[in-house]
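J.: For reference, the file final-v2.pdb (PDB, C-alpha atoms, pLDDT in the B column) is included below:
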```
MODEL        1
ATOM      1  CA  MET A 274     -40.707 -31.889  13.558  1.00 75.00           C
ATOM      2  CA  THR A 275     -42.129 -29.636  10.862  1.00 83.00           C
ATOM      3  CA  MET A 276     -40.614 -26.235  10.225  1.00 88.00           C
ATOM      4  CA  PRO A 277     -42.844 -23.293  11.246  1.00 96.00           C
ATOM      5  CA  PRO A 278     -43.940 -21.246   8.216  1.00 98.00           C
ATOM      6  CA  LEU A 279     -42.601 -18.000   9.688  1.00 98.00           C
ATOM      7  CA  LYS A 280     -39.392 -17.265  11.542  1.00 98.00           C
ATOM      8  CA  ALA A 281     -38.423 -13.926  13.046  1.00 98.00           C
ATOM      9  CA  ALA A 282     -35.379 -12.322  14.609  1.00 98.00           C
ATOM     10  CA  ILE A 283     -35.366  -9.034  16.521  1.00 98.00           C
ATOM     11  CA  VAL A 284     -32.496  -6.667  15.775  1.00 98.00           C
ATOM     12  CA  PRO A 285     -32.466  -3.576  18.048  1.00 98.00           C
ATOM     13  CA  VAL A 286     -31.324  -0.487  16.126  1.00 98.00           C
ATOM     14  CA  THR A 287     -30.549   3.185  16.808  1.00 95.00           C
ATOM     15  CA  PRO A 288     -29.730   4.647  20.248  1.00 94.00           C
ATOM     16  CA  PHE A 289     -33.458   4.202  21.014  1.00 96.00           C
ATOM     17  CA  GLN A 290     -33.020   0.397  20.808  1.00 97.00           C
ATOM     18  CA  GLN A 291     -35.938   0.141  18.425  1.00 98.00           C
ATOM     19  CA  ASN A 292     -36.939  -3.455  17.639  1.00 98.00           C
ATOM     20  CA  CYS A 293     -36.465  -3.973  13.922  1.00 98.00           C
ATOM     21  CA  THR A 294     -37.935  -7.371  13.040  1.00 98.00           C
ATOM     22  CA  LEU A 295     -36.415  -9.577  10.379  1.00 98.00           C
ATOM     23  CA  LEU A 296     -39.179 -11.999   9.404  1.00 98.00           C
ATOM     24  CA  TRP A 297     -39.003 -14.617   6.735  1.00 98.00           C
ATOM     25  CA  CYS A 298     -40.861 -17.417   5.025  1.00 98.00           C
ATOM     26  CA  THR A 299     -39.135 -20.717   5.804  1.00 98.00           C
ATOM     27  CA  ALA A 300     -40.411 -22.292   2.573  1.00 97.00           C
ATOM     28  CA  THR A 301     -38.666 -19.728   0.362  1.00 98.00           C
ATOM     29  CA  ASN A 302     -36.093 -18.001   2.629  1.00 98.00           C
ATOM     30  CA  ARG A 303     -37.511 -14.727   1.359  1.00 98.00           C
ATOM     31  CA  GLY A 304     -38.083 -12.078   3.993  1.00 98.00           C
ATOM     32  CA  ALA A 305     -38.738  -8.504   5.019  1.00 99.00           C
ATOM     33  CA  PHE A 306     -37.517  -6.052   7.580  1.00 99.00           C
ATOM     34  CA  VAL A 307     -40.230  -4.378   9.647  1.00 99.00           C
ATOM     35  CA  ASP A 308     -39.166  -0.891  10.777  1.00 98.00           C
ATOM     36  CA  PRO A 309     -35.547  -0.727   9.573  1.00 98.00           C
ATOM     37  CA  GLY A 310     -34.846   2.587  11.263  1.00 97.00           C
ATOM     38  CA  GLY A 311     -31.049   2.568  11.238  1.00 97.00           C
ATOM     39  CA  ASP A 312     -27.835   0.575  11.783  1.00 97.00           C
ATOM     40  CA  LEU A 313     -28.148  -0.773   8.250  1.00 98.00           C
ATOM     41  CA  PRO A 314     -24.893  -2.796   8.289  1.00 98.00           C
ATOM     42  CA  ARG A 315     -26.201  -4.683  11.331  1.00 98.00           C
ATOM     43  CA  LEU A 316     -29.480  -5.406   9.533  1.00 98.00           C
ATOM     44  CA  LYS A 317     -27.768  -6.650   6.387  1.00 98.00           C
ATOM     45  CA  ALA A 318     -25.529  -8.877   8.505  1.00 98.00           C
ATOM     46  CA  ALA A 319     -28.589 -10.367  10.232  1.00 98.00           C
ATOM     47  CA  ALA A 320     -30.211 -11.206   6.895  1.00 98.00           C
ATOM     48  CA  ALA A 321     -26.968 -12.814   5.672  1.00 98.00           C
ATOM     49  CA  GLU A 322     -26.569 -14.785   8.900  1.00 98.00           C
ATOM     50  CA  HIS A 323     -30.006 -16.350   8.475  1.00 98.00           C
ATOM     51  CA  GLY A 324     -29.646 -16.813   4.713  1.00 98.00           C
ATOM     52  CA  VAL A 325     -32.639 -14.567   4.029  1.00 98.00           C
ATOM     53  CA  THR A 326     -33.205 -12.715   0.751  1.00 98.00           C
ATOM     54  CA  ILE A 327     -34.939  -9.420   1.554  1.00 99.00           C
ATOM     55  CA  GLU A 328     -37.793  -8.742  -0.865  1.00 98.00           C
ATOM     56  CA  LYS A 329     -39.462  -5.721   0.767  1.00 98.00           C
ATOM     57  CA  LEU A 330     -39.440  -3.339   3.723  1.00 99.00           C
ATOM     58  CA  LEU A 331     -42.495  -2.903   5.957  1.00 99.00           C
ATOM     59  CA  VAL A 332     -43.138   0.157   8.135  1.00 99.00           C
ATOM     60  CA  THR A 333     -45.505   0.429  11.120  1.00 99.00           C
ATOM     61  CA  HIS A 334     -45.359   4.217  11.498  1.00 98.00           C
ATOM     62  CA  GLY A 335     -43.455   7.339  10.567  1.00 97.00           C
ATOM     63  CA  HIS A 336     -41.232   8.035  13.586  1.00 96.00           C
ATOM     64  CA  VAL A 337     -37.545   8.383  12.778  1.00 95.00           C
ATOM     65  CA  ASP A 338     -36.302   5.537  14.989  1.00 96.00           C
ATOM     66  CA  HIS A 339     -38.633   3.180  13.115  1.00 98.00           C
ATOM     67  CA  CYS A 340     -38.159   4.305   9.528  1.00 98.00           C
ATOM     68  CA  GLY A 341     -35.517   7.038   9.312  1.00 96.00           C
ATOM     69  CA  GLN A 342     -33.210   4.981   7.086  1.00 97.00           C
ATOM     70  CA  THR A 343     -35.837   2.837   5.379  1.00 98.00           C
ATOM     71  CA  GLY A 344     -35.594   4.809   2.148  1.00 98.00           C
ATOM     72  CA  ILE A 345     -31.801   4.445   2.102  1.00 97.00           C
ATOM     73  CA  LEU A 346     -31.998   0.676   2.637  1.00 98.00           C
ATOM     74  CA  ALA A 347     -34.705   0.292  -0.012  1.00 98.00           C
ATOM     75  CA  LYS A 348     -32.425   1.963  -2.568  1.00 98.00           C
ATOM     76  CA  GLU A 349     -29.427  -0.125  -1.529  1.00 98.00           C
ATOM     77  CA  LEU A 350     -31.354  -3.407  -1.801  1.00 98.00           C
ATOM     78  CA  GLY A 351     -33.584  -2.405  -4.728  1.00 98.00           C
ATOM     79  CA  VAL A 352     -36.764  -3.416  -2.901  1.00 98.00           C
ATOM     80  CA  PRO A 353     -40.164  -1.729  -2.343  1.00 98.00           C
ATOM     81  CA  ILE A 354     -41.494  -0.153   0.855  1.00 99.00           C
ATOM     82  CA  GLU A 355     -45.010  -0.978   2.091  1.00 99.00           C
ATOM     83  CA  GLY A 356     -46.634   1.007   4.899  1.00 98.00           C
ATOM     84  CA  PRO A 357     -47.509   2.794   6.961  1.00 98.00           C
ATOM     85  CA  HIS A 358     -51.032   4.254   6.522  1.00 98.00           C
ATOM     86  CA  GLU A 359     -51.013   7.602   4.727  1.00 98.00           C
ATOM     87  CA  GLY A 360     -52.040   9.334   7.964  1.00 98.00           C
ATOM     88  CA  ASP A 361     -48.303   9.325   8.793  1.00 98.00           C
ATOM     89  CA  ARG A 362     -47.199  11.065   5.595  1.00 98.00           C
ATOM     90  CA  PHE A 363     -46.511  14.249   7.593  1.00 96.00           C
ATOM     91  CA  TRP A 364     -44.056  12.355   9.834  1.00 95.00           C
ATOM     92  CA  ILE A 365     -42.217  10.807   6.888  1.00 96.00           C
ATOM     93  CA  GLU A 366     -41.954  14.189   5.160  1.00 94.00           C
ATOM     94  CA  GLN A 367     -40.088  15.494   8.245  1.00 91.00           C
ATOM     95  CA  LEU A 368     -37.517  12.699   8.351  1.00 92.00           C
ATOM     96  CA  GLY A 369     -34.791  14.695   6.652  1.00 84.00           C
ATOM     97  CA  GLY A 370     -34.765  17.335   9.375  1.00 66.00           C
ATOM     98  CA  GLY A 371     -37.150  16.457  12.172  1.00 52.00           C
ATOM     99  CA  GLY A 372     -35.282  13.301  13.026  1.00 52.00           C
ATOM    100  CA  ASN A 373     -32.162  15.216  13.838  1.00 56.00           C
ATOM    101  CA  SER A 374     -33.845  16.727  16.884  1.00 60.00           C
ATOM    102  CA  PHE A 375     -33.644  13.160  18.235  1.00 69.00           C
ATOM    103  CA  GLY A 376     -30.022  12.931  17.178  1.00 74.00           C
ATOM    104  CA  LEU A 377     -30.888  10.362  14.502  1.00 86.00           C
ATOM    105  CA  GLU A 378     -30.117  10.466  10.799  1.00 85.00           C
ATOM    106  CA  GLY A 379     -33.209  10.259   8.638  1.00 92.00           C
ATOM    107  CA  GLU A 380     -34.159  10.605   4.998  1.00 95.00           C
ATOM    108  CA  THR A 381     -37.656  11.155   3.647  1.00 96.00           C
ATOM    109  CA  PHE A 382     -39.155   8.562   1.275  1.00 97.00           C
ATOM    110  CA  GLU A 383     -42.365   7.744  -0.537  1.00 98.00           C
ATOM    111  CA  PRO A 384     -43.683   4.228   0.171  1.00 98.00           C
ATOM    112  CA  ASP A 385     -44.432   2.127  -2.898  1.00 98.00           C
ATOM    113  CA  ARG A 386     -47.699   1.260  -1.178  1.00 98.00           C
ATOM    114  CA  TRP A 387     -49.582   3.058   1.568  1.00 98.00           C
ATOM    115  CA  LEU A 388     -51.593   0.576   3.622  1.00 99.00           C
ATOM    116  CA  VAL A 389     -55.146   0.710   4.957  1.00 98.00           C
ATOM    117  CA  ASP A 390     -57.049  -1.386   7.480  1.00 98.00           C
ATOM    118  CA  GLY A 391     -57.875  -4.789   6.027  1.00 98.00           C
ATOM    119  CA  ASP A 392     -55.000  -4.851   3.529  1.00 98.00           C
ATOM    120  CA  GLN A 393     -52.660  -7.805   3.333  1.00 98.00           C
ATOM    121  CA  VAL A 394     -48.935  -7.937   2.669  1.00 98.00           C
ATOM    122  CA  THR A 395     -47.006 -10.949   1.430  1.00 98.00           C
ATOM    123  CA  VAL A 396     -43.526 -12.089   2.399  1.00 98.00           C
ATOM    124  CA  GLY A 397     -42.445 -15.123   0.420  1.00 98.00           C
ATOM    125  CA  ASP A 398     -45.408 -17.511   0.728  1.00 98.00           C
ATOM    126  CA  LEU A 399     -46.651 -15.813   3.923  1.00 98.00           C
ATOM    127  CA  THR A 400     -49.639 -13.482   4.099  1.00 98.00           C
ATOM    128  CA  LEU A 401     -49.899 -10.951   6.921  1.00 98.00           C
ATOM    129  CA  ASP A 402     -52.986  -8.927   7.767  1.00 98.00           C
ATOM    130  CA  VAL A 403     -52.714  -5.155   8.114  1.00 99.00           C
ATOM    131  CA  ILE A 404     -54.553  -3.563  11.035  1.00 99.00           C
ATOM    132  CA  HIS A 405     -54.766   0.234  11.248  1.00 98.00           C
ATOM    133  CA  CYS A 406     -54.211   1.162  14.917  1.00 98.00           C
ATOM    134  CA  PRO A 407     -54.101   4.957  15.285  1.00 98.00           C
ATOM    135  CA  GLY A 408     -53.385   6.754  18.549  1.00 98.00           C
ATOM    136  CA  HIS A 409     -49.594   6.819  18.909  1.00 98.00           C
ATOM    137  CA  THR A 410     -49.562   8.243  15.395  1.00 98.00           C
ATOM    138  CA  PRO A 411     -52.566   8.648  13.070  1.00 98.00           C
ATOM    139  CA  GLY A 412     -51.188   6.275  10.437  1.00 98.00           C
ATOM    140  CA  HIS A 413     -49.831   3.478  12.626  1.00 98.00           C
ATOM    141  CA  VAL A 414     -50.384  -0.075  11.358  1.00 99.00           C
ATOM    142  CA  VAL A 415     -49.847  -3.510  12.911  1.00 99.00           C
ATOM    143  CA  PHE A 416     -48.830  -6.635  10.981  1.00 99.00           C
ATOM    144  CA  HIS A 417     -50.465  -9.909  12.069  1.00 98.00           C
ATOM    145  CA  HIS A 418     -49.631 -13.445  10.943  1.00 98.00           C
ATOM    146  CA  ARG A 419     -52.610 -15.430  12.133  1.00 98.00           C
ATOM    147  CA  PRO A 420     -51.188 -18.955  11.591  1.00 98.00           C
ATOM    148  CA  SER A 421     -48.195 -18.091  13.795  1.00 98.00           C
ATOM    149  CA  GLN A 422     -50.251 -16.112  16.351  1.00 98.00           C
ATOM    150  CA  LEU A 423     -47.713 -13.312  16.005  1.00 98.00           C
ATOM    151  CA  ALA A 424     -48.283  -9.559  15.756  1.00 98.00           C
ATOM    152  CA  ILE A 425     -45.701  -6.854  15.132  1.00 99.00           C
ATOM    153  CA  VAL A 426     -47.250  -3.873  16.879  1.00 99.00           C
ATOM    154  CA  GLY A 427     -44.680  -1.058  16.696  1.00 98.00           C
ATOM    155  CA  ASP A 428     -45.317   1.535  19.392  1.00 98.00           C
ATOM    156  CA  VAL A 429     -49.008   0.730  20.004  1.00 98.00           C
ATOM    157  CA  LEU A 430     -48.406  -1.641  22.924  1.00 98.00           C
ATOM    158  CA  PHE A 431     -45.454  -2.670  25.080  1.00 98.00           C
ATOM    159  CA  GLN A 432     -44.892  -5.172  27.843  1.00 98.00           C
ATOM    160  CA  GLY A 433     -46.492  -3.320  30.764  1.00 98.00           C
ATOM    161  CA  SER A 434     -47.137  -0.073  28.914  1.00 98.00           C
ATOM    162  CA  ILE A 435     -48.650   1.590  25.845  1.00 98.00           C
ATOM    163  CA  GLY A 436     -47.413   4.052  23.241  1.00 98.00           C
ATOM    164  CA  ARG A 437     -46.972   7.747  23.960  1.00 98.00           C
ATOM    165  CA  THR A 438     -49.739  10.015  22.714  1.00 98.00           C
ATOM    166  CA  ASP A 439     -48.161  13.416  23.401  1.00 96.00           C
ATOM    167  CA  PHE A 440     -46.668  13.695  19.894  1.00 94.00           C
ATOM    168  CA  PRO A 441     -48.405  15.773  17.196  1.00 94.00           C
ATOM    169  CA  ARG A 442     -51.722  14.151  16.196  1.00 97.00           C
ATOM    170  CA  GLY A 443     -51.463  11.527  18.913  1.00 98.00           C
ATOM    171  CA  ASN A 444     -54.712  10.611  20.653  1.00 98.00           C
ATOM    172  CA  HIS A 445     -54.880   8.673  23.922  1.00 98.00           C
ATOM    173  CA  GLN A 446     -58.479   7.470  23.630  1.00 98.00           C
ATOM    174  CA  GLN A 447     -57.879   6.410  20.036  1.00 98.00           C
ATOM    175  CA  LEU A 448     -54.879   4.352  21.181  1.00 98.00           C
ATOM    176  CA  ILE A 449     -56.874   2.641  23.927  1.00 98.00           C
ATOM    177  CA  ASP A 450     -59.623   1.871  21.404  1.00 98.00           C
ATOM    178  CA  SER A 451     -57.064   0.455  18.950  1.00 98.00           C
ATOM    179  CA  ILE A 452     -55.628  -1.891  21.569  1.00 98.00           C
ATOM    180  CA  THR A 453     -58.893  -3.117  23.089  1.00 98.00           C
ATOM    181  CA  GLY A 454     -60.958  -3.058  19.902  1.00 98.00           C
ATOM    182  CA  LYS A 455     -58.458  -4.256  17.293  1.00 98.00           C
ATOM    183  CA  LEU A 456     -55.661  -6.145  19.064  1.00 98.00           C
ATOM    184  CA  TRP A 457     -57.474  -8.061  21.811  1.00 98.00           C
ATOM    185  CA  PRO A 458     -59.870  -9.727  19.307  1.00 98.00           C
ATOM    186  CA  LEU A 459     -56.824 -11.336  17.640  1.00 98.00           C
ATOM    187  CA  GLY A 460     -56.710 -13.731  20.601  1.00 98.00           C
ATOM    188  CA  ASP A 461     -55.114 -13.979  24.028  1.00 98.00           C
ATOM    189  CA  GLU A 462     -52.422 -16.381  22.855  1.00 98.00           C
ATOM    190  CA  THR A 463     -51.124 -13.912  20.287  1.00 98.00           C
ATOM    191  CA  ALA A 464     -47.495 -13.034  20.980  1.00 98.00           C
ATOM    192  CA  PHE A 465     -46.307  -9.600  19.955  1.00 98.00           C
ATOM    193  CA  VAL A 466     -43.090  -7.815  19.086  1.00 98.00           C
ATOM    194  CA  PRO A 467     -43.276  -4.255  20.436  1.00 98.00           C
ATOM    195  CA  GLY A 468     -41.307  -1.331  19.072  1.00 98.00           C
ATOM    196  CA  HIS A 469     -39.049  -1.348  22.134  1.00 98.00           C
ATOM    197  CA  GLY A 470     -38.322  -3.802  24.931  1.00 98.00           C
ATOM    198  CA  PRO A 471     -39.216  -7.469  25.413  1.00 98.00           C
ATOM    199  CA  MET A 472     -41.944  -9.466  23.715  1.00 98.00           C
ATOM    200  CA  SER A 473     -45.164 -10.363  25.517  1.00 98.00           C
ATOM    201  CA  ASN A 474     -48.584 -11.738  24.666  1.00 98.00           C
ATOM    202  CA  PHE A 475     -52.052 -10.269  24.806  1.00 98.00           C
ATOM    203  CA  ALA A 476     -53.216 -12.506  27.665  1.00 98.00           C
ATOM    204  CA  HIS A 477     -50.403 -11.254  29.895  1.00 98.00           C
ATOM    205  CA  GLU A 478     -51.148  -7.618  29.063  1.00 98.00           C
ATOM    206  CA  ARG A 479     -54.885  -8.090  29.640  1.00 98.00           C
ATOM    207  CA  ARG A 480     -54.037  -9.383  33.102  1.00 98.00           C
ATOM    208  CA  THR A 481     -51.224  -7.049  34.146  1.00 98.00           C
ATOM    209  CA  ASN A 482     -50.900  -3.912  31.986  1.00 98.00           C
ATOM    210  CA  SER A 483     -52.033  -0.995  34.164  1.00 97.00           C
ATOM    211  CA  PHE A 484     -53.148   1.001  31.086  1.00 98.00           C
ATOM    212  CA  VAL A 485     -55.269  -1.581  29.268  1.00 98.00           C
ATOM    213  CA  ALA A 486     -55.843  -4.561  31.570  1.00 98.00           C
ATOM    214  CA  ASP A 487     -59.395  -5.871  31.570  1.00 97.00           C
ATOM    215  CA  SER A 488     -59.676  -4.821  35.232  1.00 96.00           C
ATOM    216  CA  VAL A 489     -59.056  -1.177  34.266  1.00 95.00           C
ATOM    217  CA  PHE A 490     -62.302  -1.132  32.290  1.00 89.00           C
ATOM    218  CA  GLY A 491     -64.365  -3.082  34.815  1.00 76.00           C
TER
ENDMDL
END
```
Would you mind giving the structure from this file in structure tokens?
T.:
Amino acid sequence: MTMPPLKAAIVPVTPFQQNCTLLWCTATNRGAFVDPGGDLPRLKAAAAEHGVTIEKLLVTHGHVDHCGQTGILAKELGVPIEGPHEGDRFWIEQLGGGGNSFGLEGETFEPDRWLVDGDQVTVGDLTLDVIHCPGHTPGHVVFHHRPSQLAIVGDVLFQGSIGRTDFPRGNHQQLIDSITGKLWPLGDETAFVPGHGPMSNFAHERRTNSFVADSVFG
């Protein structure tokens, strides 16, 4: 049996149980954390357990539970940060103080690379496509590994639900358009890691999700 090119482990962090994803290239054992929002000792232990060398940190969006301690971890590991889209700069600039209203420790940072729709990021020998999916936040991005039919969607879509749009610069219609116009075309069999809760796939959500099921739109 051949080894899949990509492996992933979900490590829930912070009191919000945010799904930080450790993903790695099986050919090189080099990997990345997506949305390392907190509980850094737990994240480092997960990387050590799987024998993964972290080479970068990826961020879907600027909310504190997803990236509040990303800058701290980047300094500790000496690795770059890629993402989100610059539309979320205002969220990241608030991390030092704004996060504390959620009871979470955060520290502002400047990504080494802001991402835009159509960009690609590499992890070891893997290449992931970057899809800009605004609505939950204006600068939210999704990471998609087409060969594995896997998407890491942050707070755009959940099993049975969608992201909140009542935060500053959120936009409900924009979120719906991002899901139906940018995620569904990736294919029904695409599995996804949401920002919170269990994994699902697009086919299941198109059948059953009361916010974005095909039946909702006739």
J.: May I have the protein, DNA and RNA residues with any atom at most 6 Å from the point (-45.9, 9.0, 16.4), counting all atoms listed in the file, written as JSON, numbers by chain?
T.: {"A": [336, 409, 410, 440]}
J.: With C-alpha atoms retained, export the selected residues as a PDB file, keeping the file's coordinate frame.
T.:
```
ATOM      1  CA  HIS A 336     -41.232   8.035  13.586  1.00 96.00           C
ATOM      2  CA  HIS A 409     -49.594   6.819  18.909  1.00 98.00           C
ATOM      3  CA  THR A 410     -49.562   8.243  15.395  1.00 98.00           C
ATOM      4  CA  PHE A 440     -46.668  13.695  19.894  1.00 94.00           C
TER       5      PHE A 440
END
```
J.: Counting all atoms listed in the file, which of A:Thr275, A:Ser488, A:Thr343, A:Thr326 gets nearest to A:Cys293?
T.: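 Smallest distance to A:Cys293 is found for A:Thr343.
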J.: Out of A:Phe416, A:Phe484, A:Phe475, A:Phe465, which residue has the shortest atom-to-atom distance to A:Val307 when counting all atoms listed in the file?
T.: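 Using all atoms listed in the file, the shortest distance to A:Val307 belongs to A:Phe416.
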J.: Return the single residue from A:Asp361, A:Asp450, A:Glu378, A:Asp461 that is closest to A:Phe490, with distances computed using only C-alpha atoms.
T.: A:Asp450
J.: On this structure, which residues satisfy the PyMOL selection byres ((chain A and resi 284-288) around 10), written as an MDAnalysis selection string?
T.: chainID A and resid 281:283 289:295 306 308:313 315:316 319 337:339 341 375:378 468:470
J.: Please identify all polymer residues within 7 Å of A:Ser451, counting all atoms listed in the file, omitting same-chain residues fewer than 4 positions from it, and present them as a ChimeraX atom specification.
T.: /A:406-407,447,455-456
